[in-house]
file entry.json (JSON, C-alpha atoms)
[["chain", "number", "residue", "atom", "x", "y", "z"],
["D", 1, "MET", "CA", 18.20, -190.64, 193.92],
["D", 2, "ASN", "CA", 15.30, -190.03, 191.49],
["D", 3, "GLU", "CA", 17.03, -186.92, 190.22],
["D", 4, "PHE", "CA", 19.67, -189.21, 188.64],
["D", 5, "LYS", "CA", 17.24, -191.48, 186.80],
["D", 6, "VAL", "CA", 18.48, -192.44, 183.35],
["D", 7, "PRO", "CA", 16.07, -191.13, 180.69],
["D", 8, "GLU", "CA", 14.57, -193.45, 178.11],
["D", 9, "PRO", "CA", 16.62, -193.47, 174.88],
["D", 10, "ARG", "CA", 15.27, -191.17, 172.18],
["D", 11, "TRP", "CA", 16.40, -190.69, 168.60],
["D", 12, "SER", "CA", 16.60, -186.97, 169.30],
["D", 13, "ASP", "CA", 19.35, -187.53, 171.89],
["D", 14, "ALA", "CA", 21.83, -188.54, 169.20],
["D", 15, "VAL", "CA", 20.86, -185.52, 167.12],
["D", 16, "GLN", "CA", 21.23, -183.22, 170.11],
["D", 17, "GLY", "CA", 24.62, -184.66, 171.00],
["D", 18, "ARG", "CA", 25.94, -184.14, 167.47],
["D", 19, "PHE", "CA", 24.51, -180.64, 167.33],
["D", 20, "LEU", "CA", 26.20, -179.63, 170.57],
["D", 21, "ARG", "CA", 29.54, -180.98, 169.37],
["D", 22, "LEU", "CA", 29.21, -178.92, 166.21],
["D", 23, "ALA", "CA", 28.05, -175.90, 168.18],
["D", 24, "ALA", "CA", 31.04, -176.12, 170.50],
["D", 25, "SER", "CA", 33.35, -176.00, 167.49],
["D", 26, "GLY", "CA", 32.25, -172.38, 167.09],
["D", 27, "LEU", "CA", 29.50, -172.78, 164.53],
["D", 28, "VAL", "CA", 26.93, -171.45, 166.98],
["D", 29, "PRO", "CA", 27.32, -168.49, 169.38],
["D", 30, "ALA", "CA", 27.72, -169.62, 172.96],
["D", 31, "SER", "CA", 25.34, -166.83, 173.98],
["D", 32, "TRP", "CA", 22.48, -168.94, 172.62],
["D", 33, "PHE", "CA", 22.92, -171.19, 175.65],
["D", 34, "LEU", "CA", 24.65, -168.94, 178.21],
["D", 35, "LYS", "CA", 23.84, -165.28, 177.72],
["D", 36, "GLN", "CA", 26.68, -163.84, 179.75],
["D", 37, "LEU", "CA", 29.51, -164.62, 182.13],
["D", 38, "PRO", "CA", 30.48, -162.71, 185.26],
["D", 39, "GLY", "CA", 32.66, -159.90, 183.91],
["D", 40, "PRO", "CA", 36.24, -159.41, 185.11],
["D", 41, "GLU", "CA", 35.05, -156.73, 187.51],
["D", 42, "GLN", "CA", 32.78, -159.35, 189.15],
["D", 43, "ARG", "CA", 35.65, -161.80, 189.72],
["D", 44, "ALA", "CA", 37.76, -161.34, 192.82],
["D", 45, "ALA", "CA", 41.47, -160.80, 192.14],
["D", 46, "ARG", "CA", 42.55, -162.66, 195.26],
["D", 47, "GLU", "CA", 46.10, -162.60, 196.56],
["D", 48, "GLY", "CA", 47.95, -164.19, 199.44],
["D", 49, "ARG", "CA", 47.13, -167.71, 200.57],
["D", 50, "LEU", "CA", 44.63, -169.02, 198.05],
["D", 51, "HIS", "CA", 42.25, -171.97, 198.18],
["D", 52, "VAL", "CA", 41.96, -174.35, 195.23],
["D", 53, "GLU", "CA", 39.53, -177.24, 194.92],
["D", 54, "ILE", "CA", 40.72, -180.14, 192.77],
["D", 55, "VAL", "CA", 37.85, -182.17, 191.31],
["D", 56, "SER", "CA", 38.44, -185.71, 190.10],
["D", 57, "HIS", "CA", 36.27, -188.68, 189.09],
["D", 58, "CYS", "CA", 37.10, -192.34, 189.62],
["D", 59, "TRP", "CA", 35.41, -195.45, 188.29],
["D", 60, "ASN", "CA", 37.55, -198.62, 188.18],
["D", 61, "TYR", "CA", 40.65, -196.40, 188.25],
["D", 62, "ALA", "CA", 41.91, -196.95, 191.78],
["D", 63, "HIS", "CA", 45.26, -198.00, 190.29],
["D", 64, "MET", "CA", 45.54, -194.43, 188.93],
["D", 65, "LEU", "CA", 43.92, -192.57, 191.79],
["D", 66, "VAL", "CA", 46.43, -194.03, 194.24],
["D", 67, "TYR", "CA", 49.19, -192.04, 192.53],
["D", 68, "GLN", "CA", 47.13, -188.85, 192.44],
["D", 69, "LEU", "CA", 46.27, -188.93, 196.14],
["D", 70, "SER", "CA", 49.79, -190.04, 197.01],
["D", 71, "SER", "CA", 51.22, -187.01, 195.22],
["D", 72, "LEU", "CA", 49.40, -184.74, 197.68],
["D", 73, "VAL", "CA", 50.87, -186.69, 200.59],
["D", 74, "LEU", "CA", 54.41, -186.83, 199.18],
["D", 75, "PHE", "CA", 54.45, -183.23, 197.90],
["D", 76, "PRO", "CA", 52.12, -181.35, 200.27],
["D", 77, "PRO", "CA", 51.38, -177.71, 199.46],
["D", 78, "GLN", "CA", 53.04, -175.05, 201.57],
["D", 79, "ASN", "CA", 51.49, -171.83, 200.32],
["D", 80, "ILE", "CA", 47.99, -172.82, 199.23],
["D", 81, "ASP", "CA", 45.02, -174.63, 200.78],
["D", 82, "VAL", "CA", 43.71, -177.60, 198.81],
["D", 83, "THR", "CA", 40.37, -179.38, 198.88],
["D", 84, "MET", "CA", 40.74, -182.71, 197.09],
["D", 85, "THR", "CA", 37.28, -183.76, 195.86],
["D", 86, "VAL", "CA", 36.76, -187.22, 194.39],
["D", 87, "TYR", "CA", 33.46, -188.44, 192.93],
["D", 88, "TYR", "CA", 33.12, -192.23, 193.11],
["D", 89, "GLY", "CA", 30.58, -195.07, 193.10],
["D", 90, "GLU", "CA", 29.96, -197.45, 195.99],
["D", 91, "GLU", "CA", 30.08, -200.50, 193.67],
["D", 92, "ASP", "CA", 33.73, -199.71, 192.93],
["D", 93, "GLU", "CA", 35.04, -201.48, 196.03],
["D", 94, "LEU", "CA", 38.74, -200.95, 195.40],
["D", 95, "THR", "CA", 38.26, -197.20, 195.06],
["D", 96, "VAL", "CA", 36.14, -197.16, 198.24],
["D", 97, "ALA", "CA", 38.94, -198.93, 200.13],
["D", 98, "LEU", "CA", 41.52, -196.53, 198.72],
["D", 99, "LEU", "CA", 39.52, -193.48, 199.79],
["D", 100, "GLU", "CA", 39.06, -194.92, 203.27],
["D", 101, "HIS", "CA", 42.81, -195.34, 203.52],
["D", 102, "PHE", "CA", 43.66, -191.79, 202.45],
["D", 103, "ALA", "CA", 40.93, -190.29, 204.61],
["D", 104, "CYS", "CA", 43.14, -191.29, 207.55],
["D", 105, "GLN", "CA", 46.17, -189.45, 206.14],
["D", 106, "ASN", "CA", 46.59, -186.07, 207.81],
["D", 107, "VAL", "CA", 48.24, -183.73, 205.31],
["D", 108, "PRO", "CA", 48.66, -180.07, 206.35],
["D", 109, "GLY", "CA", 46.93, -177.77, 203.89],
["D", 110, "VAL", "CA", 44.87, -180.59, 202.33],
["D", 111, "ARG", "CA", 41.24, -181.47, 203.04],
["D", 112, "TRP", "CA", 39.89, -184.73, 201.65],
["D", 113, "ASN", "CA", 36.34, -184.52, 200.24],
["D", 114, "TRP", "CA", 34.84, -187.80, 199.01],
["D", 115, "GLN", "CA", 31.51, -187.52, 197.17],
["D", 116, "LYS", "CA", 29.54, -190.68, 196.44],
["D", 117, "LEU", "CA", 27.31, -190.71, 193.36],
["D", 118, "PRO", "CA", 25.08, -193.34, 191.79],
["D", 119, "ARG", "CA", 27.06, -194.82, 188.95],
["D", 120, "GLN", "CA", 24.55, -193.47, 186.42],
["D", 121, "ALA", "CA", 25.43, -189.94, 187.54],
["D", 122, "LEU", "CA", 29.12, -190.75, 187.80],
["D", 123, "PHE", "CA", 29.17, -191.96, 184.20],
["D", 124, "ARG", "CA", 28.32, -188.45, 182.95],
["D", 125, "ARG", "CA", 31.31, -186.57, 184.29],
["D", 126, "ALA", "CA", 29.72, -183.14, 183.80],
["D", 127, "ILE", "CA", 27.19, -183.95, 186.53],
["D", 128, "GLY", "CA", 29.77, -184.19, 189.29],
["D", 129, "ARG", "CA", 31.80, -181.33, 187.87],
["D", 130, "ASN", "CA", 28.70, -179.15, 187.83],
["D", 131, "MET", "CA", 27.87, -180.06, 191.44],
["D", 132, "ALA", "CA", 31.40, -179.19, 192.49],
["D", 133, "ALA", "CA", 31.39, -175.91, 190.56],
["D", 134, "LYS", "CA", 28.13, -174.70, 192.07],
["D", 135, "ASN", "CA", 29.00, -175.71, 195.64],
["D", 136, "SER", "CA", 32.70, -174.85, 195.81],
["D", 137, "ILE", "CA", 33.91, -172.17, 198.20],
["D", 138, "ALA", "CA", 37.40, -172.15, 196.68],
["D", 139, "ASP", "CA", 39.10, -169.26, 194.90],
["D", 140, "TRP", "CA", 39.84, -171.54, 191.94],
["D", 141, "VAL", "CA", 38.50, -174.94, 190.85],
["D", 142, "TRP", "CA", 40.80, -177.36, 189.01],
["D", 143, "PHE", "CA", 38.76, -179.90, 187.02],
["D", 144, "THR", "CA", 41.03, -182.86, 186.41],
["D", 145, "ASP", "CA", 41.18, -186.63, 185.89],
["D", 146, "CYS", "CA", 42.48, -189.21, 188.34],
["D", 147, "ASP", "CA", 45.52, -190.00, 186.18],
["D", 148, "VAL", "CA", 47.01, -186.52, 186.85],
["D", 149, "LEU", "CA", 49.64, -186.10, 189.59],
["D", 150, "PHE", "CA", 50.65, -182.96, 191.45],
["D", 151, "ARG", "CA", 54.34, -183.54, 192.13],
["D", 152, "ASP", "CA", 57.18, -181.41, 193.45],
["D", 153, "GLY", "CA", 56.37, -177.68, 193.41],
["D", 154, "CYS", "CA", 53.12, -178.09, 191.47],
["D", 155, "LEU", "CA", 50.59, -176.62, 193.88],
["D", 156, "ASP", "CA", 52.85, -173.90, 195.26],
["D", 157, "GLY", "CA", 53.74, -172.96, 191.67],
["D", 158, "LEU", "CA", 50.02, -172.80, 190.97],
["D", 159, "ALA", "CA", 49.53, -170.51, 193.96],
["D", 160, "ALA", "CA", 52.20, -168.14, 192.67],
["D", 161, "ALA", "CA", 50.79, -168.14, 189.14],
["D", 162, "LEU", "CA", 47.24, -167.34, 190.28],
["D", 163, "GLN", "CA", 48.03, -164.30, 192.40],
["D", 164, "GLY", "CA", 45.67, -161.45, 191.54],
["D", 165, "ARG", "CA", 44.27, -163.07, 188.40],
["D", 166, "ARG", "CA", 40.68, -162.68, 187.20],
["D", 167, "ASP", "CA", 40.75, -165.01, 184.17],
["D", 168, "ALA", "CA", 37.70, -167.20, 183.64],
["D", 169, "LEU", "CA", 39.90, -170.17, 182.73],
["D", 170, "VAL", "CA", 43.62, -170.92, 182.93],
["D", 171, "PHE", "CA", 45.72, -174.03, 182.31],
["D", 172, "PRO", "CA", 49.28, -175.30, 182.86],
["D", 173, "SER", "CA", 51.36, -174.39, 179.83],
["D", 174, "SER", "CA", 53.08, -177.78, 179.96],
["D", 175, "GLU", "CA", 52.89, -181.19, 181.58],
["D", 176, "TYR", "CA", 54.94, -184.37, 181.82],
["D", 177, "CYS", "CA", 53.31, -187.46, 180.29],
["D", 178, "THR", "CA", 54.12, -191.12, 179.82],
["D", 179, "GLY", "CA", 53.68, -192.81, 176.49],
["D", 180, "LEU", "CA", 50.47, -194.77, 175.92],
["D", 181, "LEU", "CA", 51.09, -197.58, 178.39],
["D", 182, "PRO", "CA", 49.72, -201.09, 177.72],
["D", 183, "PRO", "CA", 47.71, -202.79, 180.49],
["D", 184, "GLU", "CA", 50.67, -204.96, 181.48],
["D", 185, "ALA", "CA", 52.94, -201.96, 182.20],
["D", 186, "PRO", "CA", 54.25, -202.13, 185.79],
["D", 187, "LEU", "CA", 53.10, -198.57, 186.48],
["D", 188, "LEU", "CA", 49.52, -199.69, 185.88],
["D", 189, "SER", "CA", 49.77, -202.56, 188.36],
["D", 190, "PRO", "CA", 50.65, -200.89, 191.67],
["D", 191, "VAL", "CA", 50.54, -202.72, 194.97],
["D", 192, "MET", "CA", 47.03, -202.15, 196.33],
["D", 193, "ALA", "CA", 47.12, -204.52, 199.30],
["D", 194, "PRO", "CA", 47.98, -203.26, 201.75],
["D", 195, "MET", "CA", 47.03, -199.73, 200.70],
["D", 196, "GLN", "CA", 50.02, -197.40, 200.77],
["D", 197, "THR", "CA", 51.43, -194.13, 199.47],
["D", 198, "LEU", "CA", 53.09, -194.63, 196.08],
["D", 199, "ASP", "CA", 55.21, -192.48, 193.79],
["D", 200, "VAL", "CA", 56.16, -192.80, 190.13],
["D", 201, "ASP", "CA", 59.51, -192.90, 188.37],
["D", 202, "PRO", "CA", 59.78, -189.44, 186.76],
["D", 203, "SER", "CA", 62.12, -190.80, 184.07],
["D", 204, "LEU", "CA", 59.06, -192.48, 182.51],
["D", 205, "PHE", "CA", 57.59, -189.07, 181.69],
["D", 206, "SER", "CA", 58.42, -186.61, 178.91],
["D", 207, "HIS", "CA", 57.75, -182.88, 178.70],
["D", 208, "PHE", "CA", 54.92, -181.64, 176.47],
["D", 209, "PRO", "CA", 53.73, -178.06, 175.89],
["D", 210, "ARG", "CA", 49.98, -177.41, 175.98],
["D", 211, "ASP", "CA", 48.01, -174.80, 174.05],
["D", 212, "ARG", "CA", 44.54, -175.01, 175.63],
["D", 213, "ALA", "CA", 42.70, -176.07, 178.76],
["D", 214, "THR", "CA", 41.97, -179.70, 177.95],
["D", 215, "GLY", "CA", 39.68, -181.81, 180.16],
["D", 216, "PRO", "CA", 42.19, -182.62, 182.94],
["D", 217, "LEU", "CA", 43.81, -179.16, 182.83],
["D", 218, "GLN", "CA", 40.83, -176.83, 183.27],
["D", 219, "ILE", "CA", 41.37, -174.39, 186.15],
["D", 220, "THR", "CA", 38.36, -172.11, 186.54],
["D", 221, "HIS", "CA", 37.93, -168.95, 188.60],
["D", 222, "GLY", "CA", 35.74, -169.79, 191.58],
["D", 223, "ASP", "CA", 33.35, -166.90, 190.98],
["D", 224, "VAL", "CA", 32.81, -168.10, 187.40],
["D", 225, "ALA", "CA", 32.35, -171.72, 188.49],
["D", 226, "ARG", "CA", 29.72, -170.79, 191.06],
["D", 227, "ALA", "CA", 27.85, -168.56, 188.61],
["D", 228, "VAL", "CA", 27.63, -170.85, 185.57],
["D", 229, "GLY", "CA", 28.48, -174.34, 186.81],
["D", 230, "TYR", "CA", 29.93, -176.91, 184.44],
["D", 231, "CYS", "CA", 27.73, -177.02, 181.32],
["D", 232, "GLU", "CA", 24.71, -176.50, 183.56],
["D", 233, "SER", "CA", 23.02, -174.57, 180.75],
["D", 234, "LEU", "CA", 23.28, -177.64, 178.49],
["D", 235, "PRO", "CA", 20.77, -180.15, 179.94],
["D", 236, "TYR", "CA", 21.96, -182.87, 177.54],
["D", 237, "TYR", "CA", 25.26, -183.00, 179.43],
["D", 238, "GLN", "CA", 23.49, -183.27, 182.80],
["D", 239, "GLN", "CA", 21.65, -186.49, 181.92],
["D", 240, "PRO", "CA", 22.73, -189.67, 183.77],
["D", 241, "SER", "CA", 23.77, -192.66, 181.70],
["D", 242, "ASP", "CA", 24.03, -196.44, 182.09],
["D", 243, "THR", "CA", 27.45, -196.39, 180.41],
["D", 244, "TRP", "CA", 30.48, -194.11, 180.72],
["D", 245, "CYS", "CA", 30.10, -191.11, 178.41],
["D", 246, "LYS", "CA", 32.96, -189.70, 176.39],
["D", 247, "ALA", "CA", 33.65, -186.23, 177.78],
["D", 248, "TYR", "CA", 32.59, -184.05, 174.85],
["D", 249, "GLU", "CA", 31.35, -181.54, 177.42],
["D", 250, "ASP", "CA", 34.93, -180.40, 178.12],
["D", 251, "ARG", "CA", 35.05, -178.66, 174.77],
["D", 252, "ALA", "CA", 31.54, -177.31, 175.34],
["D", 253, "PHE", "CA", 32.67, -175.88, 178.68],
["D", 254, "ARG", "CA", 35.42, -173.85, 177.02],
["D", 255, "TRP", "CA", 32.97, -172.76, 174.34],
["D", 256, "LEU", "CA", 30.52, -171.51, 176.97],
["D", 257, "LEU", "CA", 33.33, -169.60, 178.71],
["D", 258, "ARG", "CA", 34.32, -168.03, 175.36],
["D", 259, "THR", "CA", 37.95, -169.03, 175.85],
["D", 260, "GLN", "CA", 40.42, -171.85, 175.38],
["D", 261, "GLY", "CA", 42.06, -170.67, 178.61],
["D", 262, "GLU", "CA", 45.12, -168.61, 179.42],
["D", 263, "PRO", "CA", 48.43, -170.47, 179.91],
["D", 264, "ILE", "CA", 50.20, -170.20, 183.25],
["D", 265, "THR", "CA", 53.46, -171.69, 184.47],
["D", 266, "VAL", "CA", 52.79, -174.62, 186.79],
["D", 267, "PRO", "CA", 55.65, -177.04, 187.48],
["D", 268, "GLY", "CA", 55.27, -180.67, 188.44],
["D", 269, "VAL", "CA", 52.10, -181.57, 186.50],
["D", 270, "PHE", "CA", 52.40, -185.26, 185.56],
["D", 271, "ARG", "CA", 49.91, -187.46, 183.70],
["D", 272, "ILE", "CA", 49.82, -191.21, 183.16],
["D", 273, "ARG", "CA", 48.65, -192.05, 179.63],
["D", 274, "HIS", "CA", 47.36, -195.54, 178.94],
["D", 275, "VAL", "CA", 45.75, -197.51, 176.14],
["D", 276, "ALA", "CA", 43.01, -199.43, 177.95],
["D", 277, "LYS", "CA", 40.20, -197.45, 179.56],
["D", 278, "GLY", "CA", 38.97, -199.37, 182.59],
["D", 279, "ARG", "CA", 35.99, -197.07, 183.04],
["D", 280, "TYR", "CA", 34.38, -198.13, 179.75],
["D", 281, "THR", "CA", 31.66, -200.76, 179.83],
["D", 282, "GLY", "CA", 30.56, -203.05, 177.06],
["D", 283, "SER", "CA", 32.00, -205.89, 175.02],
["D", 284, "LYS", "CA", 35.67, -206.75, 174.54],
["D", 285, "LEU", "CA", 35.24, -205.75, 170.90],
["D", 286, "ASN", "CA", 33.96, -202.31, 171.91],
["D", 287, "THR", "CA", 36.81, -201.82, 174.38],
["D", 288, "GLY", "CA", 39.33, -203.04, 171.82],
["D", 289, "LEU", "CA", 38.07, -200.60, 169.21],
["D", 290, "ARG", "CA", 38.34, -197.72, 171.67],
["D", 291, "SER", "CA", 41.89, -198.72, 172.61],
["D", 292, "GLY", "CA", 42.90, -198.98, 168.97],
["D", 293, "LEU", "CA", 41.47, -195.55, 168.27],
["D", 294, "ARG", "CA", 43.45, -194.10, 171.18],
["D", 295, "ARG", "CA", 46.67, -195.53, 169.72],
["D", 296, "LEU", "CA", 45.87, -194.04, 166.32],
["D", 297, "VAL", "CA", 45.08, -190.60, 167.74],
["D", 298, "ALA", "CA", 48.29, -190.64, 169.79],
["D", 299, "ARG", "CA", 50.36, -191.43, 166.68],
["D", 300, "LEU", "CA", 48.66, -188.68, 164.67],
["D", 301, "LYS", "CA", 49.42, -186.18, 167.43],
["D", 302, "GLY", "CA", 53.04, -187.18, 167.26]]

call {"tool": "encode", "arguments": {"input": "entry.json", "output": "structure tokens"}}
result
Amino acid sequence: MNEFKVPEPRWSDAVQGRFLRLAASGLVPASWFLKQLPGPEQRAAREGRLHVEIVSHCWNYAHMLVYQLSSLVLFPPQNIDVTMTVYYGEEDELTVALLEHFACQNVPGVRWNWQKLPRQALFRRAIGRNMAAKNSIADWVWFTDCDVLFRDGCLDGLAAALQGRRDALVFPSSEYCTGLLPPEAPLLSPVMAPMQTLDVDPSLFSHFPRDRATGPLQITHGDVARAVGYCESLPYYQQPSDTWCKAYEDRAFRWLLRTQGEPITVPGVFRIRHVAKGRYTGSKLNTGLRSGLRRLVARLKG
């Protein structure tokens, strides 16, 4: 596991992180870091029964992941093959137990793919996403979070929308989201013993349009993913960390691809929004400040 050793802190890391965030806003040409992408003529325009790999990360989020994996059991795809990849850490015992339970669920058209990482590598989400991108054999790779659900018609709608496309990046043009749920919300306290398949109450979710491929809604052409990875050309975002890193690399990924993504119609995309982030480490004050900031941002977004 030496390849995932956390580097010694350096003052230049903070400078580099800030520079990359500014660069990804468009102030610097992406070609400085990734000279070129596979052109449209180098991307297969596949039709028929497609294969999509869904890539998710889980750290202390088993109470979310249970709904995501359950959605594949309750609403299995009919017209597309799915590889469900989850990156996890062995110290997260509840997630390990959950994955063991779902590994025994035989769902036609779905292949479970659990990938264990040292927590230091797990805490920098771009590391696992890059590994998945480079190693995937799928036609398309959907980078998502474990609070996203694929409910009725979602994956078959995705299959229909992707027929013959060569786009580097696409995204669902809308999704259904909850409000920012407090930790005591019943939805965030599912029954986890015994492990079981669980669904959500759709009346808790409201419809929202989307205008770009945000972190949980990035669906990348497989040929592009294999060629450029996920921020592989930005070594800063491939460094392990002792704490969970905010996913600034999602914006950098779109910047490298020279696109915010093309919208496609995908029904049944649901996302559970919540105030407290269980994946964060640190003091109660630090966690409280993060939660307060999330509430403020949500209000500003309307």

call {"tool": "residues_near_point", "arguments": {"input": "entry.json", "point": "(47.2, -188.9, 197.8)", "cutoff": "6 Å", "atoms": "all atoms listed in the file", "output": "PyMOL selection string"}}
result
chain D and resi 68-73

call {"tool": "closest_residue", "arguments": {"input": "entry.json", "among": "D:Ile80, D:Val275, D:Val6, D:Leu37", "to": "D:Leu169", "atoms": "all atoms listed in the file"}}
result
D:Leu37

call {"tool": "residues_around", "arguments": {"input": "entry.json", "residues": "stretch 173-184 of chain D", "least_positions_apart": "4", "cutoff": "8 Å", "atoms": "all atoms listed in the file", "output": "list in words"}}
result
Leu188, Ser189, Leu204, Phe205, Ser206, His207, Phe208, Pro209, Arg210, Asp211, Pro263, Ile264, Thr265, Val266, Pro267, Gly268, Val269, Phe270, Arg271, Ile272, Arg273, His274, Val275, Ala276, Arg295 and Ala298 of chain D

call {"tool": "write_last_selection", "arguments": {"input": "entry.json", "atoms": "C-alpha atoms", "output": "PDB file, keeping the file's coordinate frame"}}
result
ATOM      1  CA  LEU D 188      49.520-199.690 185.880  1.00  0.00           C
ATOM      2  CA  SER D 189      49.770-202.560 188.360  1.00  0.00           C
ATOM      3  CA  LEU D 204      59.060-192.480 182.510  1.00  0.00           C
ATOM      4  CA  PHE D 205      57.590-189.070 181.690  1.00  0.00           C
ATOM      5  CA  SER D 206      58.420-186.610 178.910  1.00  0.00           C
ATOM      6  CA  HIS D 207      57.750-182.880 178.700  1.00  0.00           C
ATOM      7  CA  PHE D 208      54.920-181.640 176.470  1.00  0.00           C
ATOM      8  CA  PRO D 209      53.730-178.060 175.890  1.00  0.00           C
ATOM      9  CA  ARG D 210      49.980-177.410 175.980  1.00  0.00           C
ATOM     10  CA  ASP D 211      48.010-174.800 174.050  1.00  0.00           C
ATOM     11  CA  PRO D 263      48.430-170.470 179.910  1.00  0.00           C
ATOM     12  CA  ILE D 264      50.200-170.200 183.250  1.00  0.00           C
ATOM     13  CA  THR D 265      53.460-171.690 184.470  1.00  0.00           C
ATOM     14  CA  VAL D 266      52.790-174.620 186.790  1.00  0.00           C
ATOM     15  CA  PRO D 267      55.650-177.040 187.480  1.00  0.00           C
ATOM     16  CA  GLY D 268      55.270-180.670 188.440  1.00  0.00           C
ATOM     17  CA  VAL D 269      52.100-181.570 186.500  1.00  0.00           C
ATOM     18  CA  PHE D 270      52.400-185.260 185.560  1.00  0.00           C
ATOM     19  CA  ARG D 271      49.910-187.460 183.700  1.00  0.00           C
ATOM     20  CA  ILE D 272      49.820-191.210 183.160  1.00  0.00           C
ATOM     21  CA  ARG D 273      48.650-192.050 179.630  1.00  0.00           C
ATOM     22  CA  HIS D 274      47.360-195.540 178.940  1.00  0.00           C
ATOM     23  CA  VAL D 275      45.750-197.510 176.140  1.00  0.00           C
ATOM     24  CA  ALA D 276      43.010-199.430 177.950  1.00  0.00           C
ATOM     25  CA  ARG D 295      46.670-195.530 169.720  1.00  0.00           C
ATOM     26  CA  ALA D 298      48.290-190.640 169.790  1.00  0.00           C
TER      27      ALA D 298
END

call {"tool": "closest_residue", "arguments": {"input": "entry.json", "among": "D:Leu117, D:Val224, D:Ala44, D:Leu122", "to": "D:Ala247", "atoms": "only C-alpha atoms"}}
result
D:Leu122

call {"tool": "residues_around", "arguments": {"input": "entry.json", "residues": "stretch 48-65 of chain D", "least_positions_apart": "5", "cutoff": "8 Å", "atoms": "all atoms listed in the file", "output": "count of residues only"}}
result
40

call {"tool": "closest_residue", "arguments": {"input": "entry.json", "among": "D:Glu3, D:Asp156, D:Glu91, D:Asp223", "to": "D:Gly39", "atoms": "all atoms listed in the file"}}
result
D:Asp223
